[in-house]
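Accompanying notes for the structure given below.
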Amino acid sequence: MTGLYILAAILIFGVLIALHELGHFVAAKSCGVQVNEFSIGMGPGLFHKTKGETQYSLRLLPIGGYCAMEGEDESSQNPRALNRQGFWKQFIIFVAGSASNFLTGFIILLALYSGAGGFYTTQITGFAPEFTLQGEDGLQEGDEIWSINGERVYLYSDLGLLLGLAKDGDISLVVLRDGQKISLNHLPLTVKEYTSTDGNSKYKGYGLYFGKIEEATMGAKLKTSWYNTIDFARTVRLSLQMLFNGQAGINDLSGPVGIVSTITQVGEQSASIQDAVENILYFAALIAVNLAVMNLLPIPALDGGKVLFLIVDTVALRLFRRRIPEKYEAAVNMGGLAVLMGFMLIVTFHDVFKLFQ
């Protein structure tokens, strides 16, 4: 089964990248930009068909694809070239790939939640006997936790994540109580040994009980899917913050090799084939949203870098009546691409090294 899971992981990458390029393709066509070629897959061509001005290709390696637009890599005098379009058309085309990945993640989650019977909420249903922070100036039964240290709590699963990231003994909460938002600042909420709900065993935690379940109506499924998608995007931001402030390092990052390895482990550790499929699809949704967010970072050679240059070029034109020379943008993009490739090689090396540890 290991080989099957590896193949599934490679196909997931290929499909997500192809959908990213499909987003650019649909946006370009809708905005009237000439698309010279749209390819599914990379490498040697297996099939080509030209329809109108666009060549549609199927290539050997199922690792993505590309959307080649007129005027994308070099200036073109064609009135339908990308570089001849206005700000908003270019902006829409550049962000459409990430929008496609984000939407893909949402749709996968909605499909996974379609059979759910209910969803746990963040409403407190009780406290451990040893818990001392309840009362008028503290937490009360029925409170719904809205945010933790300024981070919105979207899902029940956020509670453990955000409380774990918070500094012990200095946690600020916002709770919904009788329809009002109540701020509870600097609570000494720490991990201690508490009595479990059955009253017969002990556990280490925060002393809060949660048990209310929201019925899985269509509205609840849409809301939970949307919140989960937003939550994935927030996870990227939190991960980047941890990377920059030193809480995480290069060993905590994963490239394609590490992600394939993780998907394989997810499949092999699942109790059944159905569980494996659902767990891998959930992970695919996470990857899709990660691709969406990472591609919009203002880094040269990524879509976010193109958006940044578009904004800077537009500001320069308004202020100085001159555009930024394309050779400078090309040089920065080449340099950015080289740095990204070098960084990915380092991450891949670490991924391979971890496999043999």
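Residue numbering restarts at 1 in every chain; chains get A, B, ... in the order shown in the structure tokens, and ligands count up from 1 in that same order.
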
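Residues in contact range of His186 (chain A), defined as at most 9 Å between only C-alpha atoms, with sequence neighbours fewer than 3 positions away removed, read Gly169, Asp170, Ile171, Ser172, Leu173 and Leu189 of chain A.
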
If we count only C-alpha atoms and set the cut-off at 10 Å, which residues sit around Ile148 (chain A), ignoring sequence neighbours fewer than 6 positions away in its own chain? Please answer as a ChimeraX atom specification.
/A:158-159,162-163,165-166,171-175,184-185

Looking only at the backbone, which of the residues in region 20-157 of chain A does DSSP tag as strand (DSSP E or B), as JSON, numbers by chain?
{"A": [35, 36, 37, 38, 39, 40, 41, 42, 43, 44, 45, 46, 47, 48, 49, 50, 51, 54, 55, 56, 57, 58, 59, 60, 61, 62, 63, 64, 65, 66, 67, 68, 69, 118, 119, 120, 123, 124, 125, 126, 127, 134, 139, 144, 145, 146, 147, 148, 151, 152]}

Kindly save the residues from that selection, with C-alpha atoms included, as a PDB file, in the first residue's frame.
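This went into result.pdb:
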ATOM      1  CA  VAL A  35      -3.322  32.341 -23.780  1.00  0.00           C
ATOM      2  CA  ASN A  36      -0.773  30.660 -26.046  1.00  0.00           C
ATOM      3  CA  GLU A  37      -0.684  27.317 -24.264  1.00  0.00           C
ATOM      4  CA  PHE A  38      -2.397  25.607 -21.375  1.00  0.00           C
ATOM      5  CA  SER A  39      -0.675  22.430 -20.246  1.00  0.00           C
ATOM      6  CA  ILE A  40      -1.613  19.722 -17.769  1.00  0.00           C
ATOM      7  CA  GLY A  41       1.591  18.036 -16.631  1.00  0.00           C
ATOM      8  CA  MET A  42       5.188  18.923 -17.364  1.00  0.00           C
ATOM      9  CA  GLY A  43       7.968  17.499 -19.519  1.00  0.00           C
ATOM     10  CA  PRO A  44       7.644  15.785 -22.911  1.00  0.00           C
ATOM     11  CA  GLY A  45       4.318  16.248 -24.656  1.00  0.00           C
ATOM     12  CA  LEU A  46       1.909  13.328 -25.010  1.00  0.00           C
ATOM     13  CA  PHE A  47      -0.951  15.128 -26.715  1.00  0.00           C
ATOM     14  CA  HIS A  48      -1.483  18.553 -28.270  1.00  0.00           C
ATOM     15  CA  LYS A  49      -4.587  20.138 -29.687  1.00  0.00           C
ATOM     16  CA  THR A  50      -4.946  23.706 -30.865  1.00  0.00           C
ATOM     17  CA  LYS A  51      -8.314  25.353 -30.492  1.00  0.00           C
ATOM     18  CA  THR A  54      -4.583  28.313 -27.538  1.00  0.00           C
ATOM     19  CA  GLN A  55      -2.684  25.038 -27.665  1.00  0.00           C
ATOM     20  CA  TYR A  56      -3.955  22.546 -25.085  1.00  0.00           C
ATOM     21  CA  SER A  57      -1.302  20.027 -24.008  1.00  0.00           C
ATOM     22  CA  LEU A  58      -1.064  16.869 -21.958  1.00  0.00           C
ATOM     23  CA  ARG A  59       2.497  16.166 -20.811  1.00  0.00           C
ATOM     24  CA  LEU A  60       4.232  13.129 -19.398  1.00  0.00           C
ATOM     25  CA  LEU A  61       4.999  14.139 -15.805  1.00  0.00           C
ATOM     26  CA  PRO A  62       1.890  14.554 -13.596  1.00  0.00           C
ATOM     27  CA  ILE A  63       3.494  17.255 -11.462  1.00  0.00           C
ATOM     28  CA  GLY A  64       1.510  20.342 -12.320  1.00  0.00           C
ATOM     29  CA  GLY A  65       1.110  22.374 -15.466  1.00  0.00           C
ATOM     30  CA  TYR A  66       1.341  25.915 -16.753  1.00  0.00           C
ATOM     31  CA  CYS A  67      -0.616  28.679 -18.418  1.00  0.00           C
ATOM     32  CA  ALA A  68       1.527  30.556 -20.958  1.00  0.00           C
ATOM     33  CA  MET A  69       0.052  34.006 -21.572  1.00  0.00           C
ATOM     34  CA  GLY A 118     -22.844  17.253  14.264  1.00  0.00           C
ATOM     35  CA  PHE A 119     -19.957  19.517  15.226  1.00  0.00           C
ATOM     36  CA  TYR A 120     -18.459  20.159  18.661  1.00  0.00           C
ATOM     37  CA  GLN A 123     -19.204  26.337  24.588  1.00  0.00           C
ATOM     38  CA  ILE A 124     -18.108  25.417  28.107  1.00  0.00           C
ATOM     39  CA  THR A 125     -20.384  22.743  29.564  1.00  0.00           C
ATOM     40  CA  GLY A 126     -18.666  22.348  32.932  1.00  0.00           C
ATOM     41  CA  PHE A 127     -15.511  22.531  34.997  1.00  0.00           C
ATOM     42  CA  GLN A 134     -15.096  30.317  37.480  1.00  0.00           C
ATOM     43  CA  LEU A 139     -15.502  31.762  33.299  1.00  0.00           C
ATOM     44  CA  GLU A 144     -18.588  30.238  24.303  1.00  0.00           C
ATOM     45  CA  ILE A 145     -14.889  30.930  23.795  1.00  0.00           C
ATOM     46  CA  TRP A 146     -14.598  33.515  21.007  1.00  0.00           C
ATOM     47  CA  SER A 147     -10.879  34.323  21.007  1.00  0.00           C
ATOM     48  CA  ILE A 148      -7.656  33.397  22.814  1.00  0.00           C
ATOM     49  CA  GLU A 151      -6.691  34.930  17.913  1.00  0.00           C
ATOM     50  CA  ARG A 152     -10.226  34.081  16.800  1.00  0.00           C
TER      51      ARG A 152
END

Extract, using only C-alpha atoms, all DNA, RNA and protein residues at most 9 Å from region 73-79 of chain A, discarding same-chain residues fewer than 3 positions from it, and format them as a ChimeraX atom specification.
/A:33-34,68-70,82-85,326,330

Could the residues in this selection be written to a file with C-alpha atoms, as a short mmCIF file (atom, residue, chain, number, x, y, z; two decimals), in the first residue's frame?
data_model
loop_
_atom_site.label_atom_id
_atom_site.label_comp_id
_atom_site.auth_asym_id
_atom_site.auth_seq_id
_atom_site.Cartn_x
_atom_site.Cartn_y
_atom_site.Cartn_z
CA VAL A 33 -5.88 37.98 -22.48
CA GLN A 34 -4.38 35.73 -25.15
CA ALA A 68 1.53 30.56 -20.96
CA MET A 69 0.05 34.01 -21.57
CA GLU A 70 1.12 36.46 -24.25
CA LEU A 82 -0.99 40.50 -20.34
CA ASN A 83 1.41 43.43 -20.08
CA ARG A 84 -1.02 45.63 -22.06
CA GLN A 85 -3.89 45.15 -19.62
CA GLU A 326 11.11 45.38 -17.27
CA ALA A 330 13.11 40.27 -14.67
#

Closest atom pairs, residues of region 283-344 of chain A within 12 Å of region 213-234 of chain A, only C-alpha atoms, as a tab-separated table:
residue	atom	partner	partner_atom	distance
A:Phe283	CA	A:Phe232	CA	10.3
A:Ala284	CA	A:Phe232	CA	11.3
A:Ala285	CA	A:Thr229	CA	8.0
A:Leu286	CA	A:Phe232	CA	6.0
A:Ile287	CA	A:Phe232	CA	8.8
A:Ala288	CA	A:Phe232	CA	9.3
A:Val289	CA	A:Ala233	CA	6.1
A:Asn290	CA	A:Ala233	CA	6.6
A:Leu291	CA	A:Ala233	CA	9.6
A:Ala292	CA	A:Ala233	CA	8.4
A:Val293	CA	A:Ala233	CA	6.5
A:Met294	CA	A:Ala233	CA	9.3
A:Asn295	CA	A:Ala233	CA	11.9
A:Leu296	CA	A:Ala233	CA	11.4

Residue among A:Ile182, A:Ile263, A:Leu19, A:Ile12 lying closest to Ile280 (chain A), counting only C-alpha atoms
A:Ile263

DSSP helix (DSSP H, G or I) residues within region 66-149 of chain A, listed as a tab-separated table (two decimals) with C-alpha atoms, in the first residue's frame:
chain	number	residue	atom	x	y	z
A	82	LEU	CA	-0.99	40.50	-20.34
A	83	ASN	CA	1.41	43.43	-20.08
A	84	ARG	CA	-1.02	45.63	-22.06
A	87	PHE	CA	-4.25	47.17	-13.17
A	88	TRP	CA	-7.39	45.31	-12.16
A	89	LYS	CA	-7.28	42.75	-14.98
A	90	GLN	CA	-3.67	41.90	-14.21
A	91	PHE	CA	-4.41	41.77	-10.49
A	92	ILE	CA	-7.33	39.38	-11.00
A	93	ILE	CA	-5.24	37.11	-13.22
A	94	PHE	CA	-2.32	37.02	-10.77
A	95	VAL	CA	-4.47	36.15	-7.72
A	96	ALA	CA	-6.77	33.73	-9.58
A	97	GLY	CA	-4.39	30.79	-9.11
A	98	SER	CA	-4.38	31.15	-5.34
A	99	ALA	CA	-8.13	31.73	-5.35
A	100	SER	CA	-8.54	28.44	-7.21
A	101	ASN	CA	-6.45	26.56	-4.62
A	102	PHE	CA	-8.33	28.22	-1.75
A	103	LEU	CA	-11.67	27.27	-3.30
A	104	THR	CA	-10.39	23.72	-3.86
A	105	GLY	CA	-9.53	23.39	-0.18
A	106	PHE	CA	-12.99	24.64	0.79
A	107	ILE	CA	-14.75	22.23	-1.59
A	108	ILE	CA	-12.74	19.24	-0.31
A	109	LEU	CA	-13.63	20.11	3.29
A	110	LEU	CA	-17.29	20.59	2.39
A	111	ALA	CA	-17.31	17.14	0.76
A	112	LEU	CA	-15.68	15.59	3.83
A	113	TYR	CA	-18.17	17.24	6.19

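Across the model, the gap from CA of Phe131 (chain A) to CA of Tyr194 (chain A) is 7.8 Å.
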
What's the separation between CA of Tyr5 (chain A) and CA of Ser239 (chain A), in Å to one decimal place?
26.1 Å

What's around Asp178 (chain A) at 9 Å? Count only C-alpha atoms, leave out sequence neighbours fewer than 2 positions away in its own chain, and write the answer as a PyMOL selection string.
chain A and resi 142-143+176+180-181

Rounded to one decimal place, report the CA of Glu72 (chain A)-CA of Gly86 (chain A) distance in Å.
13.6 Å

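Compared by their closest atoms to Gly138 (chain A), and using only C-alpha atoms, the residues A:Ala116, A:Thr121, A:Arg177, A:Ala8 rank with A:Arg177 nearest.
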
Need to verify the contact set: Ala276 (chain A), 8 Å, only C-alpha atoms, exclusion of same-chain residues closer than 5 positions in sequence. Can you return it as a list in words?
Val266, Gly267, Glu268, Gln269, Ser270 and Ala271 of chain A

Could you pull the residues within 7 Å of Pro298 (chain A), counting only C-alpha atoms, minus those fewer than 6 positions along the same chain, as a list in words?
Gly304, Gly305 and Leu308 of chain A
